[in-house]
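Novice: Let me give you the structure first, and then I'll get to my questions.
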Amino acid sequence: MNLPERARLALSRAADFLFPPHCAFCGALLPGERTPLGYCAACESGLPWVLAPWCLRCGIPFHAFDGGKVPHKVSQEGGHACGKCTLDPPPFERARSAVHYKDQVRSAILRFKYGRDFSVLKSLEHLLARGFESLREGAPPPEALCPVPLHPSRVRERHFDQARILCARLSARIGEAANRQRLGSG
């Protein structure tokens with residue numbers, strides 16, 4: 001281990017001692033060194049994961065359309081689009097979420113967006129990466145990752161653009177190019 005690596009490790013351990021890592025969702029103290037996920041095992045098992053089967057176009061789980069009353073036997077490998085996407089295809093090829101926007105996920109996103117709580121960034125990045133991995137299965141690599149643009153007045157209000165930050169982190173993590181231009185900026 002060379003000097004810069006040892007210094008980085010020493011600084012990381014000092015930071016862990018001074019500011020012990022906490023779960024991004026429940027706030028519990030994380031055991032040992034920082035987890036690459038940023039959340040505890042109990043929260044991971046309780047996250048509102050989006051489970052198959054889902055529409056291969058919009059990514060919405062089929063049970064969201066029928067209230068879970070209709071059994072779906074279609075595997076994701078031979079999946080299909082929902083009725084809405086079949087009748088009125090969206091202007092994109094595929095979309096996917098890793099988790100539902102509720103409970104502790106919703107709380108973490110709101111803390112990041114409005115409270116500038118960057119301690120949840122690693123966890124949100126991991127959730128995005130997990131959703132992206134399932135999106136890529138059997139599909140060609142994307143042309144670019146594009147953050148949904150934040151209105152300039154919101155950027156001035158918050159002093160940062162959370163979508164751009166998450167897109168850049170996901171881009172670096174998965175090795176895909178992020179589109180640096182704002183969507184809709186001609």
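Each chain in the structure tokens gets a letter, A, B, ..., in the order shown, and its residues are numbered from 1; ligands are numbered from 1 in order too.
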Which residues, written as an NGL selection string, have at least one atom at most 12 Å from Thr86 of chain A, with only C-alpha atoms counted and residues fewer than 4 positions away on the same chain left out?
Specialist: :A and (55-58 or 80-82 or 90 or 93)
Novice: How would the residues just chosen look if you wrote them out with N, CA and C atoms as an mmCIF file, in the first residue's frame?
Specialist:
data_model
loop_
_atom_site.group_PDB
_atom_site.id
_atom_site.type_symbol
_atom_site.label_atom_id
_atom_site.label_comp_id
_atom_site.auth_asym_id
_atom_site.auth_seq_id
_atom_site.Cartn_x
_atom_site.Cartn_y
_atom_site.Cartn_z
ATOM 1 N N CYS A 55 -43.960 -4.208 -16.580
ATOM 2 C CA CYS A 55 -44.044 -3.849 -17.992
ATOM 3 C C CYS A 55 -42.627 -3.615 -18.505
ATOM 4 N N LEU A 56 -42.276 -4.233 -19.613
ATOM 5 C CA LEU A 56 -40.931 -4.079 -20.153
ATOM 6 C C LEU A 56 -40.694 -2.692 -20.745
ATOM 7 N N ARG A 57 -41.741 -1.917 -20.930
ATOM 8 C CA ARG A 57 -41.590 -0.572 -21.486
ATOM 9 C C ARG A 57 -41.509 0.481 -20.378
ATOM 10 N N CYS A 58 -42.564 0.598 -19.552
ATOM 11 C CA CYS A 58 -42.597 1.654 -18.534
ATOM 12 C C CYS A 58 -42.045 1.194 -17.187
ATOM 13 N N HIS A 80 -43.760 -8.727 -21.465
ATOM 14 C CA HIS A 80 -44.527 -7.961 -22.424
ATOM 15 C C HIS A 80 -44.802 -6.570 -21.866
ATOM 16 N N ALA A 81 -45.312 -5.720 -22.738
ATOM 17 C CA ALA A 81 -45.663 -4.360 -22.333
ATOM 18 C C ALA A 81 -47.077 -4.370 -21.768
ATOM 19 N N CYS A 82 -47.333 -3.410 -20.888
ATOM 20 C CA CYS A 82 -48.681 -3.273 -20.328
ATOM 21 C C CYS A 82 -49.624 -2.742 -21.411
ATOM 22 N N PRO A 90 -44.841 5.142 -24.856
ATOM 23 C CA PRO A 90 -44.143 6.352 -24.397
ATOM 24 C C PRO A 90 -42.976 6.674 -25.336
ATOM 25 N N GLU A 93 -37.721 3.857 -24.786
ATOM 26 C CA GLU A 93 -37.782 2.416 -24.999
ATOM 27 C C GLU A 93 -38.021 1.629 -23.725
#
Novice: With only C-alpha atoms as the counted atoms, please give the residues lying no more than 6 Å from segment 34-46 of chain A, apart from itself and same-chain residues fewer than 5 positions off, as a PyMOL selection string.
Specialist: chain A and resi 21+23-24+122-123
Novice: So that I can check the surroundings of Trp49 of chain A, please list as a list in words every protein, DNA and RNA residue that reaches within 8 Å of it, counting only C-alpha atoms and ignoring chain neighbours fewer than 5 positions away.
Specialist: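 The residues satisfying every condition are Ala98, Val99 and His100 of chain A.
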Novice: Limited to C-alpha atoms, could you put the picked residues into a file as a JSON list (two decimals), in the first residue's frame?
Specialist:
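And here is the file that came out, out-v5.json:
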[["chain", "number", "residue", "atom", "x", "y", "z"],
["A", 98, "ALA", "CA", -35.60, -0.47, -8.16],
["A", 99, "VAL", "CA", -37.90, 0.58, -5.34],
["A", 100, "HIS", "CA", -41.32, 2.13, -4.85]]
Novice: Out of A:Leu47, A:Phe25, A:Arg94, A:Glu133, which residue has the shortest atom-to-atom distance to Phe112 of chain A when counting only C-alpha atoms?
Specialist: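 Smallest separation from Phe112 of chain A among the options: A:Phe25.
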Novice: Looking at only C-alpha atoms, which of A:Ala95, A:Phe17, A:Lys102, A:Ile109 is the one that sits closest to Leu29 of chain A?
Specialist: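 The closest residue to Leu29 of chain A is A:Phe17.
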Novice: Enter the distance from atom CA of Leu18 of chain A to atom CA of Glu125 of chain A, in Å, rounded to one decimal.
Specialist: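 Atom-to-atom, atom CA of Leu18 of chain A and atom CA of Glu125 of chain A are spaced 24.0 Å apart.
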Novice: When DSSP works through the backbone of this structure, what residues of segment 29-144 of chain A end up as helix (DSSP H, G or I), shown as a ChimeraX atom specification?
Specialist: /A:41-46,62-66,83-87,103-115,118-136
Novice: Since we have the selection now, will you write its residues out, keeping C-alpha atoms, as an mmCIF file, in the first residue's frame?
Specialist:
data_model
loop_
_atom_site.group_PDB
_atom_site.id
_atom_site.type_symbol
_atom_site.label_atom_id
_atom_site.label_comp_id
_atom_site.auth_asym_id
_atom_site.auth_seq_id
_atom_site.Cartn_x
_atom_site.Cartn_y
_atom_site.Cartn_z
ATOM 1 C CA ALA A 41 -29.404 -5.178 6.638
ATOM 2 C CA ALA A 42 -32.743 -4.694 8.424
ATOM 3 C CA CYS A 43 -33.627 -1.760 6.166
ATOM 4 C CA GLU A 44 -32.442 -3.572 3.048
ATOM 5 C CA SER A 45 -34.835 -6.447 3.752
ATOM 6 C CA GLY A 46 -37.655 -3.974 4.396
ATOM 7 C CA PHE A 62 -48.333 -5.458 -13.321
ATOM 8 C CA HIS A 63 -49.864 -5.803 -9.857
ATOM 9 C CA ALA A 64 -50.075 -1.984 -9.809
ATOM 10 C CA PHE A 65 -52.606 -2.173 -12.650
ATOM 11 C CA ASP A 66 -54.765 -4.958 -11.246
ATOM 12 C CA GLY A 83 -51.888 -2.300 -22.081
ATOM 13 C CA LYS A 84 -51.228 1.410 -21.708
ATOM 14 C CA CYS A 85 -47.770 1.169 -23.307
ATOM 15 C CA THR A 86 -49.133 -1.072 -26.063
ATOM 16 C CA LEU A 87 -51.928 1.375 -26.952
ATOM 17 C CA ASP A 103 -41.777 4.846 3.338
ATOM 18 C CA GLN A 104 -38.063 5.147 4.120
ATOM 19 C CA VAL A 105 -37.087 5.604 0.451
ATOM 20 C CA ARG A 106 -39.411 8.588 0.096
ATOM 21 C CA SER A 107 -38.082 10.039 3.341
ATOM 22 C CA ALA A 108 -34.445 9.682 2.218
ATOM 23 C CA ILE A 109 -35.160 11.306 -1.161
ATOM 24 C CA LEU A 110 -36.960 14.229 0.476
ATOM 25 C CA ARG A 111 -34.120 14.696 2.979
ATOM 26 C CA PHE A 112 -31.654 14.802 0.080
ATOM 27 C CA LYS A 113 -33.724 17.150 -2.107
ATOM 28 C CA TYR A 114 -34.991 19.626 0.463
ATOM 29 C CA GLY A 115 -32.772 19.111 3.502
ATOM 30 C CA PHE A 118 -25.906 14.243 1.410
ATOM 31 C CA SER A 119 -25.436 11.361 3.856
ATOM 32 C CA VAL A 120 -28.118 9.431 1.924
ATOM 33 C CA LEU A 121 -26.437 9.928 -1.468
ATOM 34 C CA LYS A 122 -24.509 6.632 -1.414
ATOM 35 C CA SER A 123 -27.683 4.695 -0.605
ATOM 36 C CA LEU A 124 -29.726 6.413 -3.305
ATOM 37 C CA GLU A 125 -26.910 5.813 -5.802
ATOM 38 C CA HIS A 126 -26.909 2.114 -4.901
ATOM 39 C CA LEU A 127 -30.678 1.866 -5.398
ATOM 40 C CA LEU A 128 -30.388 3.575 -8.793
ATOM 41 C CA ALA A 129 -27.586 1.223 -9.816
ATOM 42 C CA ARG A 130 -29.650 -1.786 -8.792
ATOM 43 C CA GLY A 131 -32.587 -0.602 -10.894
ATOM 44 C CA PHE A 132 -30.260 0.170 -13.786
ATOM 45 C CA GLU A 133 -28.723 -3.315 -13.661
ATOM 46 C CA SER A 134 -32.151 -4.891 -14.089
ATOM 47 C CA LEU A 135 -32.951 -2.448 -16.893
ATOM 48 C CA ARG A 136 -29.824 -3.471 -18.803
#
Novice: So, counting only C-alpha atoms, which residue among A:Leu30, A:Cys146, A:Ala7, A:Val50 is closest to Leu166 of chain A?
Specialist: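 Under the stated criterion, the closest residue is A:Cys146.
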Novice: Nearest to Pro149 of chain A: which of A:Ala10, A:Pro91, A:Cys167, A:Glu137 is it, counting only C-alpha atoms?
Specialist: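 Ranked by minimum distance to Pro149 of chain A, first place goes to A:Cys167.
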Novice: Record the distance separating atom CA of Arg164 of chain A and atom CA of Gly59 of chain A, expressed in Å with one decimal.
Specialist: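 If I compute the distance from atom CA of Arg164 of chain A to atom CA of Gly59 of chain A, I get 21.8 Å.
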Novice: Go through chain A and collect every residue that DSSP, computed from the backbone, puts in strand (DSSP E or B); the answer should be as a list in words.
Specialist: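 Secondary structure check on chain A, strand (DSSP E or B): His22, Leu29, Trp49, Trp54, Pro61, Val99, Leu145 and Ala178 of chain A.
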Novice: Any chance you can output those residues with N, CA and C atoms as a PDB file, in the first residue's frame?
Specialist:
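Final output, saved to again.pdb:
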ATOM      1  N   HIS A  22     -24.066   5.921   9.893  1.00  0.00           N
ATOM      2  CA  HIS A  22     -25.431   5.572  10.279  1.00  0.00           C
ATOM      3  C   HIS A  22     -26.199   5.126   9.038  1.00  0.00           C
ATOM      4  N   LEU A  29     -26.835   3.035  13.975  1.00  0.00           N
ATOM      5  CA  LEU A  29     -25.388   3.014  13.848  1.00  0.00           C
ATOM      6  C   LEU A  29     -24.993   1.760  13.070  1.00  0.00           C
ATOM      7  N   TRP A  49     -39.047  -2.960  -2.582  1.00  0.00           N
ATOM      8  CA  TRP A  49     -38.487  -3.309  -3.897  1.00  0.00           C
ATOM      9  C   TRP A  49     -39.586  -3.467  -4.936  1.00  0.00           C
ATOM     10  N   TRP A  54     -43.017  -6.915 -14.411  1.00  0.00           N
ATOM     11  CA  TRP A  54     -43.295  -5.516 -14.673  1.00  0.00           C
ATOM     12  C   TRP A  54     -43.357  -5.298 -16.174  1.00  0.00           C
ATOM     13  N   PRO A  61     -44.895  -2.334 -12.190  1.00  0.00           N
ATOM     14  CA  PRO A  61     -45.269  -3.733 -11.915  1.00  0.00           C
ATOM     15  C   PRO A  61     -46.722  -3.985 -12.313  1.00  0.00           C
ATOM     16  N   VAL A  99     -37.044   0.548  -6.514  1.00  0.00           N
ATOM     17  CA  VAL A  99     -37.905   0.577  -5.338  1.00  0.00           C
ATOM     18  C   VAL A  99     -39.110   1.484  -5.589  1.00  0.00           C
ATOM     19  N   LEU A 145     -27.025   8.580 -20.209  1.00  0.00           N
ATOM     20  CA  LEU A 145     -27.857   8.748 -19.027  1.00  0.00           C
ATOM     21  C   LEU A 145     -28.201  10.226 -18.945  1.00  0.00           C
ATOM     22  N   ALA A 178     -22.682  10.130 -19.165  1.00  0.00           N
ATOM     23  CA  ALA A 178     -23.821  10.944 -18.742  1.00  0.00           C
ATOM     24  C   ALA A 178     -23.957  12.089 -19.724  1.00  0.00           C
TER      25      ALA A 178
END
Novice: Have a look at A:Arg6, A:Pro20, A:Ser171, A:Arg154 and name the one nearest to Pro142 of chain A; count only C-alpha atoms.
Specialist: A:Ser171
Novice: Have a look at atom CA of Phe92 of chain A and atom CA of Ala144 of chain A and let me know their distance in Å, one decimal.
Specialist: 12.4 Å
